[in-house]
Amino acid sequence: MSFFDLPLEQLREYRPERNEPADFDAFWQATLGAVHQYPLNAQYERVDYGLAAFETFDVTFAGYGGQPIKGWFIRPTQTKTPLPCVVRYIGYGGGRGFPYEWLLWPGAGYATLVMDTRGQGSATRHGDTPDLPDGANPFYPGFMTQGILDPHTYYYRRVFTDAVRAVEAAQQHPDVDTTRIAVTGASQGGGICIAVSGLIPDQVAVSMPSVPFLCHFKRAIGLTDKHPYEEITRYLSVHRDRESVVYDTLAYFDGMHFAARTQAKSQYATALMDTICPPSTVFAAYNYVPALKEIRVYHFNNHEGGGEYHDLAQVRYLNALWR
């Protein structure tokens with residue numbers, strides 16, 4: 001590995017021009033308005049995975065199109081309620097797996113809701129949420145070009161909508177303090193986190209994306225040949241006449257535009273040798289955040305970012321705000 005992107009001093013000032021569609025807000029208002037026609041119907045079924053210090057629930061709620069989305073809700077038992085809640089989104093290709101894989105935040109004294117990502121969960125942890133309405137089971141990536149010729153059919157329209165509903169599902173649990181909702185995730189999970197904090201800025205108090213994906217698409221696609229951005233490159237290498245249409249669609253899903261709308265206190269993370277989510281794409285979103293913010297920079301790491309060091313940094317960051 002080596003440094004391949006802009007120098008850090010330039011990254012801290014990097015604010016590329018945003019190609020935001022004129023109807024960006026109207027598009028997302030219509031999308032969320034449509035999903036709110038369906039009852040959230042959040043269901044929490046207590047399950048036993050042998051975790052004596054935690055209460056664990058199998059969660060189902062209605063996401064995009066009213067379609068069922070799975071998740072886990074985990075809370076420490078020996079704490080007073082209502083609890084602040086960390087809503088966690090998962091990296092590309094991964095699913096919700098088992099509850100004992102998500103004990104960092106409950107171990108720190110917070111409730112957590114982990115959202116399964118529709119159609120995913122066949123590359124790393126297993127997933128349990130199909131990409132309806134056609135009944136597609138969780139399958140192996142990729143997802144980056146599904147429906148990419150129209151923002152209304154693009155895959156991440158469904159995912160971002162599900163992610164907003166995950167926050168609403170967390171807020172419905174009686175043990176959750178609805179005024180203290182944080183969102184977090186790494187890679188794809190970080191990109192989803194940024195989108196949610198911009199889509200419902202009045203409901204998210206803290207946003208903590210780590211090495212986020214889905215930011216500054218045009219630079220990412222031209223700068224890295226790594227999966228999953230490489231899926232778009234391969235698509236365009238065949239569909240040579242669709243470049244402008246593809247970029248027009250991706251503009252509705254770019255983390256830079258959502259970051260500019262967040263009101264949440266924000267802690268970002270990037271790694272200067274990250275060849276999957278290059279640091280300039282992370283700073284492109286971070287530098288547009290108008291709220292109180294900080295960014296952790298890991299100089300000699302690739303897409304693993306800060307790893308367990310950043311786990312500790314996130315816990316300390318949230319504790320400083322809410323303890």
# chains A, B, ... in the order shown; residues from 1 in each chain; ligands from 1

$ residues_around --residues "Ile148 (chain A)" --least-positions-apart "3" --cutoff "8 Å" --atoms "only C-alpha atoms" --output "list in words"
Met144, Thr145, Pro151, Thr153, Tyr154, Tyr155, Val246, Thr249 and Leu250 of chain A

$ residues_around --residues "region 9-15 of chain A" --least-positions-apart "4" --cutoff "10 Å" --atoms "only C-alpha atoms" --output "VMD selection string"
chain A and resid 5 256 272 279 to 288 295

$ residues_around --residues "region 179-189 of chain A" --least-positions-apart "5" --cutoff "10 Å" --atoms "only C-alpha atoms" --output "PyMOL selection string"
chain A and resi 82-94+111-115+117+163+167-168+170-171+194-197+202-215+228+264-270+276-277+303-305+307+314+318+321-322

$ select_by_dssp --residues "region 55-258 of chain A" --states "strand (DSSP E)" --output "VMD selection string"
chain A and resid 55 to 62 68 to 76 83 to 89 111 to 115 176 to 186 206 to 210

$ atom_distance --atom1 "CA of Arg316 (chain A)" --atom2 "CA of Arg75 (chain A)"
18.6 Å

$ residues_around --residues "Ala251 (chain A)" --least-positions-apart "3" --cutoff "12 Å" --atoms "only C-alpha atoms" --output "JSON, numbers by chain"
{"A": [17, 18, 19, 20, 21, 22, 23, 24, 25, 27, 148, 149, 150, 151, 154, 156, 157, 214, 215, 216, 217, 218, 244, 245, 246, 247, 248, 254, 255, 256, 257, 258]}

$ closest_residue --among "A:Gln120, A:Tyr49, A:Gln263, A:Leu8" --to "Leu292 (chain A)" --atoms "only C-alpha atoms"
A:Gln263

$ atom_distance --atom1 "CA of Ile192 (chain A)" --atom2 "CA of Phe253 (chain A)"
9.6 Å

$ decode --residues "region 86-114 of chain A" --atoms "N, CA and C atoms" --output "mmCIF file, in the first residue's frame"
data_model
loop_
_atom_site.group_PDB
_atom_site.id
_atom_site.type_symbol
_atom_site.label_atom_id
_atom_site.label_comp_id
_atom_site.auth_asym_id
_atom_site.auth_seq_id
_atom_site.Cartn_x
_atom_site.Cartn_y
_atom_site.Cartn_z
ATOM 1 N N VAL A 86 -28.164 3.341 19.426
ATOM 2 C CA VAL A 86 -27.290 3.410 18.255
ATOM 3 C C VAL A 86 -27.874 2.509 17.178
ATOM 4 N N VAL A 87 -28.299 3.111 16.066
ATOM 5 C CA VAL A 87 -28.796 2.351 14.916
ATOM 6 C C VAL A 87 -27.609 2.088 14.003
ATOM 7 N N ARG A 88 -27.381 0.808 13.707
ATOM 8 C CA ARG A 88 -26.166 0.410 12.997
ATOM 9 C C ARG A 88 -26.511 -0.193 11.641
ATOM 10 N N TYR A 89 -25.771 0.255 10.623
ATOM 11 C CA TYR A 89 -25.944 -0.238 9.257
ATOM 12 C C TYR A 89 -24.708 -1.023 8.852
ATOM 13 N N ILE A 90 -24.890 -1.961 7.927
ATOM 14 C CA ILE A 90 -23.916 -3.029 7.672
ATOM 15 C C ILE A 90 -23.151 -2.772 6.371
ATOM 16 N N GLY A 91 -21.911 -3.258 6.329
ATOM 17 C CA GLY A 91 -21.063 -3.125 5.159
ATOM 18 C C GLY A 91 -21.554 -3.957 3.978
ATOM 19 N N TYR A 92 -21.020 -3.661 2.817
ATOM 20 C CA TYR A 92 -21.472 -4.213 1.537
ATOM 21 C C TYR A 92 -21.393 -5.736 1.511
ATOM 22 N N GLY A 93 -22.515 -6.353 1.183
ATOM 23 C CA GLY A 93 -22.582 -7.803 1.049
ATOM 24 C C GLY A 93 -22.880 -8.536 2.338
ATOM 25 N N GLY A 94 -22.822 -7.836 3.475
ATOM 26 C CA GLY A 94 -23.029 -8.489 4.764
ATOM 27 C C GLY A 94 -24.472 -8.446 5.217
ATOM 28 N N GLY A 95 -24.825 -9.380 6.088
ATOM 29 C CA GLY A 95 -26.150 -9.424 6.688
ATOM 30 C C GLY A 95 -26.059 -9.269 8.194
ATOM 31 N N ARG A 96 -27.193 -9.436 8.842
ATOM 32 C CA ARG A 96 -27.236 -9.180 10.297
ATOM 33 C C ARG A 96 -26.543 -10.268 11.114
ATOM 34 N N GLY A 97 -26.301 -11.432 10.530
ATOM 35 C CA GLY A 97 -25.611 -12.493 11.253
ATOM 36 C C GLY A 97 -26.332 -12.883 12.525
ATOM 37 N N PHE A 98 -25.560 -13.011 13.628
ATOM 38 C CA PHE A 98 -26.102 -13.390 14.918
ATOM 39 C C PHE A 98 -25.980 -12.221 15.900
ATOM 40 N N PRO A 99 -26.851 -12.161 16.912
ATOM 41 C CA PRO A 99 -26.821 -11.022 17.840
ATOM 42 C C PRO A 99 -25.491 -10.845 18.560
ATOM 43 N N TYR A 100 -24.806 -11.935 18.890
ATOM 44 C CA TYR A 100 -23.575 -11.807 19.668
ATOM 45 C C TYR A 100 -22.435 -11.182 18.864
ATOM 46 N N GLU A 101 -22.655 -10.909 17.574
ATOM 47 C CA GLU A 101 -21.661 -10.193 16.778
ATOM 48 C C GLU A 101 -21.785 -8.678 16.917
ATOM 49 N N TRP A 102 -22.779 -8.186 17.666
ATOM 50 C CA TRP A 102 -23.079 -6.758 17.718
ATOM 51 C C TRP A 102 -23.150 -6.238 19.148
ATOM 52 N N LEU A 103 -22.230 -6.648 20.008
ATOM 53 C CA LEU A 103 -22.336 -6.340 21.427
ATOM 54 C C LEU A 103 -21.523 -5.117 21.871
ATOM 55 N N LEU A 104 -20.829 -4.446 20.953
ATOM 56 C CA LEU A 104 -20.037 -3.286 21.353
ATOM 57 C C LEU A 104 -20.898 -2.227 22.042
ATOM 58 N N TRP A 105 -21.968 -1.817 21.379
ATOM 59 C CA TRP A 105 -22.770 -0.722 21.941
ATOM 60 C C TRP A 105 -23.591 -1.150 23.156
ATOM 61 N N PRO A 106 -24.229 -2.319 23.137
ATOM 62 C CA PRO A 106 -24.880 -2.753 24.389
ATOM 63 C C PRO A 106 -23.895 -2.916 25.535
ATOM 64 N N GLY A 107 -22.672 -3.365 25.214
ATOM 65 C CA GLY A 107 -21.655 -3.503 26.254
ATOM 66 C C GLY A 107 -21.246 -2.168 26.845
ATOM 67 N N ALA A 108 -21.385 -1.098 26.050
ATOM 68 C CA ALA A 108 -21.065 0.247 26.533
ATOM 69 C C ALA A 108 -22.249 0.912 27.217
ATOM 70 N N GLY A 109 -23.392 0.203 27.296
ATOM 71 C CA GLY A 109 -24.544 0.723 28.015
ATOM 72 C C GLY A 109 -25.625 1.339 27.152
ATOM 73 N N TYR A 110 -25.536 1.141 25.831
ATOM 74 C CA TYR A 110 -26.522 1.698 24.914
ATOM 75 C C TYR A 110 -27.399 0.582 24.345
ATOM 76 N N ALA A 111 -28.617 0.942 23.967
ATOM 77 C CA ALA A 111 -29.403 0.035 23.127
ATOM 78 C C ALA A 111 -28.861 0.123 21.702
ATOM 79 N N THR A 112 -29.039 -0.938 20.924
ATOM 80 C CA THR A 112 -28.633 -0.884 19.523
ATOM 81 C C THR A 112 -29.653 -1.609 18.665
ATOM 82 N N LEU A 113 -29.921 -1.057 17.499
ATOM 83 C CA LEU A 113 -30.729 -1.731 16.489
ATOM 84 C C LEU A 113 -29.852 -1.911 15.266
ATOM 85 N N VAL A 114 -29.664 -3.152 14.838
ATOM 86 C CA VAL A 114 -28.852 -3.481 13.671
ATOM 87 C C VAL A 114 -29.791 -3.823 12.522
#
